[in-house]
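**Q** This is the structure I want to talk about, given as structure tokens.
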2 protein chains.
Amino acid sequence: MSLHDDMIQVGDRAVAASRALAPLSSRRKNAILEAMASELEARREAIFAANRIDLEAAEKAGIPKPMRDRLLLNEKRMDAMIKGIRNVVGLKDPVGAKISRWIRPNGLVIQKVRVPIGVIAIIFESRPNVTADTAVLCFKTSNAVILRGGKEAMESNKAIAKALVEGGARKGLPPDAIQLVTTADRDAIREIVQLVGRVDLVIPRGGEGLIRAVTEQARVPVIKHYKGVCHVYVEASADPEMALRIVENAKCQYPAVCNAAEKLLVDAALAPAFLPRCAAMLQARGVELRGDEASRALVPSMKPATEEDWTTEYNDLILTVKVVSDVAAAIGHINTFGSKHSDAIVTTDESAARRFTDEVDSAAVYVNASTRFTDGGEFGMGAEIGISTEKIHARGPMGLEELTSYKFVVRGEGQIRE
Amino acid sequence: MSLHDDMIQVGDRAVAASRALAPLSSRRKNAILEAMASELEARREAIFAANRIDLEAAEKAGIPKPMRDRLLLNEKRMDAMIKGIRNVVGLKDPVGAKISRWIRPNGLVIQKVRVPIGVIAIIFESRPNVTADTAVLCFKTSNAVILRGGKEAMESNKAIAKALVEGGARKGLPPDAIQLVTTADRDAIREIVQLVGRVDLVIPRGGEGLIRAVTEQARVPVIKHYKGVCHVYVEASADPEMALRIVENAKCQYPAVCNAAEKLLVDAALAPAFLPRCAAMLQARGVELRGDEASRALVPSMKPATEEDWTTEYNDLILTVKVVSDVAAAIGHINTFGSKHSDAIVTTDESAARRFTDEVDSAAVYVNASTRFTDGGEFGMGAEIGISTEKIHARGPMGLEELTSYKFVVRGEGQIRE
């Protein structure tokens, strides 16, 4: 059978599973999730053994160390995966909630009810924990899921998916509710993202290359978690101590993630006093600074920033610095060069704060706080499947509610349209 | 300049306009809408003259009459267009509304605030009124809009867009907030729907061919208004008089629209008593009936239904009829062959009603009412830009709220992430 027909069958099985998921109660779903967590626990060693196969193959194939690090499963990562599932058990099930209800003048009672999306495909790269993390969020919201991970993590993903499916089945997980696509054929992604009528949503989880490839090939809706080119803008009235603390945290606390700051904008009025101190602090923390001309006039040790620097997500201890004339210039720069992810202003001026939050067109806009808080857990959503940089459906951290759709349930007593 | 570069410029202008739209108050926007309505009123004759050019060209080109009917602007349609704008003035502006607000244990105050989507592209066919209808809904929600209508309506669309833009400008409509793409080049659609980073959403309004073309070419999000293959299911316990009334209304009251019924499912227990009466009523109304074997055994005058009939949207006085064994069979049929638009059950059995509304996976699910109510106006939304058959972002009638996104505004006092 061709890959195309194979993937159509995967889609058909997912659609059938999504129908079987619809009648499951929250209680039943939680029992299934508990069983999944226990099964992962029980198969710890088998999963590590599978992971070793992937790691050895990766080493032989000369895959670079940072990628092998992402591939690695250790006790700590297994613990986090299992704890993650138990955390999802404790979250409120959004499916079936009545979003609103109204009565029309003709007596029709209209209810807007939260329902699963249906079939969700997750396309990801080398981190095997994504298998469990995303599958359980889709399952909790009664969505069938089609998983396609990177080939370098295939044995790990298989072992994890098998534990979830077999553990869950003991408590009534419907067949094919969680499917891992294991073919070696690289065209599988293209086939999956073109399953119009079978796949309702694709969520790619990975780097820019993966996101681009999925976007270009997809014929079903995609919610992208694109790059995070996050800014901290230190406004003229800012408390310098607070600004130093926020800049340090946003850049240094975990530079590899999408909500870390990549750019620093400093108001011209404050720059002579603030920028040298801030630069010294960052350089002492090992941060490489790149600056525009005005910044370099104040801190000559900065490298000159290139045009490319303003749109680059380094995910590393690098920060590009610009002196701006006022809040309007900061907003203009962020809206032009940013990635609509997370941007912060440090200020004591309420009108500047207001203008910044009104006009910066990003998923999360901060006043006097670090950009590092853009995260489902930090926002109190309990868990997240990603951080959307889309304007459609979901923006920012996507929790359980964002994995649902709705339908209108309309009840009458024989009403017809005149 | 190439078409590609031209369309990039259209996109850039739209992005700039969307920034200029952000600070407009609801009051200002309503004044602009009033000016647009007055200008259409004042230019009535000029618009009719432009429409006559399109109509004459269409006749010369041998375009069939139903398409020329859609193209026609008459006094009644102009009145409806102008009234439509004044209706939008009266609707609540959703932009800026606080959707929710909560405080985290660390003191961060998180607000979820409704914002415009940004830049919306509307791709449509031959009805020139779509120009005004969609432009004003996008404008009311502070979105910049790029309009691309069918070439056969180009002169009419130009005249309408010109009236909106010039009328609105007198009250402060930002330049390029409403752009009509007038190039004769048919590749313009492909270029527009691939403007990643400039266009945030595409809404195609038209037939299956247009929707397919847009979906296949798009690299930006698309919300589809796909076909309506709507069912009425007459369950065993149904009140036959109510069922007759609902079937007649759903099929006959306005057969050309997407929420008209195309299929009738009758419970086997009720079919011998109900179906001959129902068929006689429909045939007296001029409806052509096509049936499965069991239906034709009861009503031999029906044509035999082909496999294709179950998935076809006729938009005409044709109805395909099937006898089903029970509510589960009805649900299975609808979920397999329907288009997830609008489906109704007629029943007096609460458990059947409940099962139907729970399990039928459609945007609007009705109990004892006609499918013809799936409409923004009938649902009390005031206006609609279309009826989404998507599960993502918006489902069913899309009103003003569905033309918005949200952002998180997070306020702190120097919080950093530990």
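Chains: A, B, ... in order of the structure tokens. Residues: from 1 per chain. Ligands: from 1, in order shown.
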Report as an MDAnalysis selection string the set of chain A residues whose atoms approach chain B to within 6 Å, with distances computed over only C-alpha atoms.
**A** chainID A and resid 117 215:216 219 242 363:370 391:393 405 407:416
**Q** Would you save the residues from that selection as a PDB file, in the first residue's frame, using N, CA and C atoms?
**A**
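Below is the file that was written, out09.pdb:
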ATOM      1  N   ILE A 117     -11.887  19.323  19.551  1.00  0.00           N
ATOM      2  CA  ILE A 117     -11.613  19.735  18.174  1.00  0.00           C
ATOM      3  C   ILE A 117     -11.830  18.557  17.234  1.00  0.00           C
ATOM      4  N   THR A 215       3.937  24.627   7.387  1.00  0.00           N
ATOM      5  CA  THR A 215       3.083  25.701   6.876  1.00  0.00           C
ATOM      6  C   THR A 215       2.958  25.647   5.358  1.00  0.00           C
ATOM      7  N   GLU A 216       4.082  25.358   4.692  1.00  0.00           N
ATOM      8  CA  GLU A 216       4.048  25.353   3.226  1.00  0.00           C
ATOM      9  C   GLU A 216       3.264  24.172   2.671  1.00  0.00           C
ATOM     10  N   ARG A 219      -2.662  21.679   4.261  1.00  0.00           N
ATOM     11  CA  ARG A 219      -3.973  22.078   3.748  1.00  0.00           C
ATOM     12  C   ARG A 219      -5.018  22.017   4.850  1.00  0.00           C
ATOM     13  N   MET A 242      14.987  47.882  39.341  1.00  0.00           N
ATOM     14  CA  MET A 242      14.001  46.933  38.814  1.00  0.00           C
ATOM     15  C   MET A 242      14.351  46.533  37.383  1.00  0.00           C
ATOM     16  N   ALA A 363       1.531  38.480  21.751  1.00  0.00           N
ATOM     17  CA  ALA A 363       0.659  37.587  22.513  1.00  0.00           C
ATOM     18  C   ALA A 363       0.632  37.975  23.987  1.00  0.00           C
ATOM     19  N   ALA A 364       1.803  38.313  24.536  1.00  0.00           N
ATOM     20  CA  ALA A 364       1.864  38.729  25.937  1.00  0.00           C
ATOM     21  C   ALA A 364       2.654  40.026  26.024  1.00  0.00           C
ATOM     22  N   VAL A 365       2.071  41.009  26.689  1.00  0.00           N
ATOM     23  CA  VAL A 365       2.706  42.317  26.845  1.00  0.00           C
ATOM     24  C   VAL A 365       2.829  42.583  28.333  1.00  0.00           C
ATOM     25  N   TYR A 366       4.050  42.860  28.795  1.00  0.00           N
ATOM     26  CA  TYR A 366       4.335  42.974  30.221  1.00  0.00           C
ATOM     27  C   TYR A 366       4.637  44.405  30.631  1.00  0.00           C
ATOM     28  N   VAL A 367       4.174  44.768  31.813  1.00  0.00           N
ATOM     29  CA  VAL A 367       4.602  46.006  32.459  1.00  0.00           C
ATOM     30  C   VAL A 367       5.321  45.600  33.741  1.00  0.00           C
ATOM     31  N   ASN A 368       6.586  45.962  33.852  1.00  0.00           N
ATOM     32  CA  ASN A 368       7.377  45.727  35.074  1.00  0.00           C
ATOM     33  C   ASN A 368       7.406  44.265  35.511  1.00  0.00           C
ATOM     34  N   ALA A 369       7.615  43.384  34.534  1.00  0.00           N
ATOM     35  CA  ALA A 369       7.822  41.966  34.862  1.00  0.00           C
ATOM     36  C   ALA A 369       8.638  41.338  33.744  1.00  0.00           C
ATOM     37  N   SER A 370       9.230  40.203  34.052  1.00  0.00           N
ATOM     38  CA  SER A 370      10.090  39.500  33.093  1.00  0.00           C
ATOM     39  C   SER A 370       9.252  38.800  32.025  1.00  0.00           C
ATOM     40  N   LYS A 391      -2.662  34.581  15.380  1.00  0.00           N
ATOM     41  CA  LYS A 391      -3.733  35.430  15.910  1.00  0.00           C
ATOM     42  C   LYS A 391      -5.064  34.670  15.920  1.00  0.00           C
ATOM     43  N   ILE A 392      -5.078  33.518  15.283  1.00  0.00           N
ATOM     44  CA  ILE A 392      -6.320  32.772  15.080  1.00  0.00           C
ATOM     45  C   ILE A 392      -6.437  31.665  16.112  1.00  0.00           C
ATOM     46  N   HIS A 393      -7.620  31.499  16.664  1.00  0.00           N
ATOM     47  CA  HIS A 393      -7.966  30.425  17.601  1.00  0.00           C
ATOM     48  C   HIS A 393      -7.330  30.615  18.971  1.00  0.00           C
ATOM     49  N   SER A 405     -13.098  23.137  20.664  1.00  0.00           N
ATOM     50  CA  SER A 405     -13.911  23.977  19.798  1.00  0.00           C
ATOM     51  C   SER A 405     -15.257  24.169  20.516  1.00  0.00           C
ATOM     52  N   LYS A 407     -19.844  23.980  19.809  1.00  0.00           N
ATOM     53  CA  LYS A 407     -20.966  23.853  18.880  1.00  0.00           C
ATOM     54  C   LYS A 407     -22.164  24.585  19.458  1.00  0.00           C
ATOM     55  N   PHE A 408     -23.110  24.917  18.579  1.00  0.00           N
ATOM     56  CA  PHE A 408     -24.352  25.527  19.023  1.00  0.00           C
ATOM     57  C   PHE A 408     -25.409  24.437  19.132  1.00  0.00           C
ATOM     58  N   VAL A 409     -25.992  24.303  20.311  1.00  0.00           N
ATOM     59  CA  VAL A 409     -27.100  23.369  20.502  1.00  0.00           C
ATOM     60  C   VAL A 409     -28.366  24.223  20.615  1.00  0.00           C
ATOM     61  N   VAL A 410     -29.279  24.019  19.682  1.00  0.00           N
ATOM     62  CA  VAL A 410     -30.451  24.888  19.591  1.00  0.00           C
ATOM     63  C   VAL A 410     -31.694  24.045  19.823  1.00  0.00           C
ATOM     64  N   ARG A 411     -32.488  24.439  20.822  1.00  0.00           N
ATOM     65  CA  ARG A 411     -33.694  23.671  21.128  1.00  0.00           C
ATOM     66  C   ARG A 411     -34.943  24.508  20.886  1.00  0.00           C
ATOM     67  N   GLY A 412     -35.908  23.880  20.220  1.00  0.00           N
ATOM     68  CA  GLY A 412     -37.141  24.583  19.912  1.00  0.00           C
ATOM     69  C   GLY A 412     -38.362  23.738  20.209  1.00  0.00           C
ATOM     70  N   GLU A 413     -39.493  24.256  19.783  1.00  0.00           N
ATOM     71  CA  GLU A 413     -40.759  23.528  19.933  1.00  0.00           C
ATOM     72  C   GLU A 413     -41.469  23.562  18.595  1.00  0.00           C
ATOM     73  N   GLY A 414     -40.685  23.348  17.537  1.00  0.00           N
ATOM     74  CA  GLY A 414     -41.263  23.350  16.200  1.00  0.00           C
ATOM     75  C   GLY A 414     -41.064  24.644  15.440  1.00  0.00           C
ATOM     76  N   GLN A 415     -40.167  25.513  15.919  1.00  0.00           N
ATOM     77  CA  GLN A 415     -39.966  26.806  15.237  1.00  0.00           C
ATOM     78  C   GLN A 415     -39.473  26.612  13.781  1.00  0.00           C
ATOM     79  N   ILE A 416     -40.045  27.422  12.911  1.00  0.00           N
ATOM     80  CA  ILE A 416     -39.582  27.466  11.530  1.00  0.00           C
ATOM     81  C   ILE A 416     -39.261  28.918  11.179  1.00  0.00           C
TER      82      ILE A 416
END
**Q** I need the strand (DSSP E or B) residues of stretch 217-341 of chain A per DSSP on the backbone, written as a list of chain:residue names.
**A**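 Those residues are A:Val222, A:Cys230, A:His231, A:Val232, A:Tyr233, A:Val234, A:Ala261, A:Glu262, A:Lys263, A:Leu264, A:Leu265, A:Val266, A:Asp267, A:Glu288, A:Leu289, A:Arg290, A:Gly291, A:Lys303, A:Pro304, A:Ile318, A:Leu319, A:Thr320, A:Val321, A:Lys322, A:Val323, A:Val324.
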**Q** Would you give me, as JSON lines, each residue of stretch 160-207 of chain B having an atom within 12 Å of an atom of stretch 60-76 of chain B, along with its shortest atom pair and that distance in Å to one decimal, using only C-alpha atoms and sorting by chain and residue number?
**A**
{"residue": "B:Ile160", "atom": "CA", "partner": "B:Leu73", "partner_atom": "CA", "distance": 10.9}
{"residue": "B:Gly206", "atom": "CA", "partner": "B:Arg70", "partner_atom": "CA", "distance": 11.6}
{"residue": "B:Gly207", "atom": "CA", "partner": "B:Met67", "partner_atom": "CA", "distance": 12.0}
**Q** Write a file of the just-selected residues containing C-alpha atoms, as a compact mmCIF listing (two decimals), in the first residue's frame.
**A**
# COMPACT_ATOMS: atom_id res chain seq x y z
CA ILE B 160 -18.59 50.47 -3.92
CA GLY B 206 -17.95 31.42 -2.55
CA GLY B 207 -18.48 27.99 -4.04
**Q** I'd like the neighbourhood of B:Val229 as a list in words, where a residue qualifies if any of its atoms comes within 9 Å (using only C-alpha atoms), though same-chain residues fewer than 2 positions away should be ignored.
**A**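 So the residues in contact are Lys227, His231, Cys258, Asn259, Ala260, Ala261, Glu262, Lys263, Trp310, Thr311, Thr312, Glu313, Tyr314, Phe337, Gly338, Ser339, Lys340, His341, Ser342 and Asp343 of chain B.
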**Q** May I ask for the distance between atom CA of B:Pro304 and atom CA of B:Ser237, given in Å to one decimal place?
**A**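 So the two atoms, atom CA of B:Pro304 and atom CA of B:Ser237, lie 26.9 Å apart.
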**Q** Please, what distance in Å, to one decimal, runs between atom CA of B:Met1 and atom CA of B:Arg190?
**A**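 Between atom CA of B:Met1 and atom CA of B:Arg190 the gap works out to 16.9 Å.
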**Q** What's the separation between atom CA of A:Tyr233 and atom CA of B:Ala144, in Å to one decimal place?
**A**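 Straight-line distance from atom CA of A:Tyr233 to atom CA of B:Ala144 works out to 27.4 Å.
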**Q** Apply DSSP to the structure's backbone, then extract all residues of stretch 153-183 of chain B labelled helix (DSSP H, G or I) and return them as a ChimeraX atom specification.
**A** /B:153-169
**Q** Go ahead and dump the residues you just picked, N, CA and C atoms, as a PDB file, in the first residue's frame.
**A**
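Generated output (result_3.pdb):
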ATOM      1  N   ALA B 153     -17.371  41.220 -11.535  1.00  0.00           N
ATOM      2  CA  ALA B 153     -18.019  42.281 -10.749  1.00  0.00           C
ATOM      3  C   ALA B 153     -17.080  43.452 -10.481  1.00  0.00           C
ATOM      4  N   MET B 154     -15.990  43.509 -11.221  1.00  0.00           N
ATOM      5  CA  MET B 154     -14.922  44.449 -10.876  1.00  0.00           C
ATOM      6  C   MET B 154     -15.375  45.905 -10.854  1.00  0.00           C
ATOM      7  N   GLU B 155     -16.140  46.346 -11.870  1.00  0.00           N
ATOM      8  CA  GLU B 155     -16.552  47.765 -11.913  1.00  0.00           C
ATOM      9  C   GLU B 155     -17.479  48.088 -10.747  1.00  0.00           C
ATOM     10  N   SER B 156     -18.387  47.169 -10.442  1.00  0.00           N
ATOM     11  CA  SER B 156     -19.302  47.378  -9.307  1.00  0.00           C
ATOM     12  C   SER B 156     -18.501  47.450  -8.009  1.00  0.00           C
ATOM     13  N   ASN B 157     -17.581  46.500  -7.830  1.00  0.00           N
ATOM     14  CA  ASN B 157     -16.773  46.470  -6.602  1.00  0.00           C
ATOM     15  C   ASN B 157     -15.948  47.750  -6.449  1.00  0.00           C
ATOM     16  N   LYS B 158     -15.375  48.203  -7.562  1.00  0.00           N
ATOM     17  CA  LYS B 158     -14.573  49.436  -7.518  1.00  0.00           C
ATOM     18  C   LYS B 158     -15.419  50.619  -7.062  1.00  0.00           C
ATOM     19  N   ALA B 159     -16.624  50.707  -7.629  1.00  0.00           N
ATOM     20  CA  ALA B 159     -17.494  51.845  -7.289  1.00  0.00           C
ATOM     21  C   ALA B 159     -17.901  51.794  -5.816  1.00  0.00           C
ATOM     22  N   ILE B 160     -18.193  50.598  -5.330  1.00  0.00           N
ATOM     23  CA  ILE B 160     -18.595  50.472  -3.921  1.00  0.00           C
ATOM     24  C   ILE B 160     -17.410  50.767  -2.998  1.00  0.00           C
ATOM     25  N   ALA B 161     -16.254  50.161  -3.294  1.00  0.00           N
ATOM     26  CA  ALA B 161     -15.076  50.369  -2.442  1.00  0.00           C
ATOM     27  C   ALA B 161     -14.678  51.839  -2.411  1.00  0.00           C
ATOM     28  N   LYS B 162     -14.776  52.491  -3.582  1.00  0.00           N
ATOM     29  CA  LYS B 162     -14.437  53.908  -3.670  1.00  0.00           C
ATOM     30  C   LYS B 162     -15.351  54.747  -2.762  1.00  0.00           C
ATOM     31  N   ALA B 163     -16.628  54.422  -2.776  1.00  0.00           N
ATOM     32  CA  ALA B 163     -17.579  55.152  -1.920  1.00  0.00           C
ATOM     33  C   ALA B 163     -17.243  54.926  -0.440  1.00  0.00           C
ATOM     34  N   LEU B 164     -16.931  53.699  -0.077  1.00  0.00           N
ATOM     35  CA  LEU B 164     -16.609  53.406   1.330  1.00  0.00           C
ATOM     36  C   LEU B 164     -15.349  54.155   1.755  1.00  0.00           C
ATOM     37  N   VAL B 165     -14.312  54.091   0.914  1.00  0.00           N
ATOM     38  CA  VAL B 165     -13.020  54.671   1.265  1.00  0.00           C
ATOM     39  C   VAL B 165     -13.117  56.196   1.306  1.00  0.00           C
ATOM     40  N   GLU B 166     -13.747  56.787   0.285  1.00  0.00           N
ATOM     41  CA  GLU B 166     -13.800  58.254   0.245  1.00  0.00           C
ATOM     42  C   GLU B 166     -14.797  58.817   1.253  1.00  0.00           C
ATOM     43  N   GLY B 167     -15.910  58.114   1.424  1.00  0.00           N
ATOM     44  CA  GLY B 167     -16.860  58.540   2.456  1.00  0.00           C
ATOM     45  C   GLY B 167     -16.231  58.428   3.836  1.00  0.00           C
ATOM     46  N   GLY B 168     -15.612  57.282   4.115  1.00  0.00           N
ATOM     47  CA  GLY B 168     -14.981  57.054   5.422  1.00  0.00           C
ATOM     48  C   GLY B 168     -13.846  58.033   5.700  1.00  0.00           C
ATOM     49  N   ALA B 169     -13.066  58.349   4.651  1.00  0.00           N
ATOM     50  CA  ALA B 169     -11.895  59.218   4.836  1.00  0.00           C
ATOM     51  C   ALA B 169     -12.296  60.583   5.388  1.00  0.00           C
TER      52      ALA B 169
END
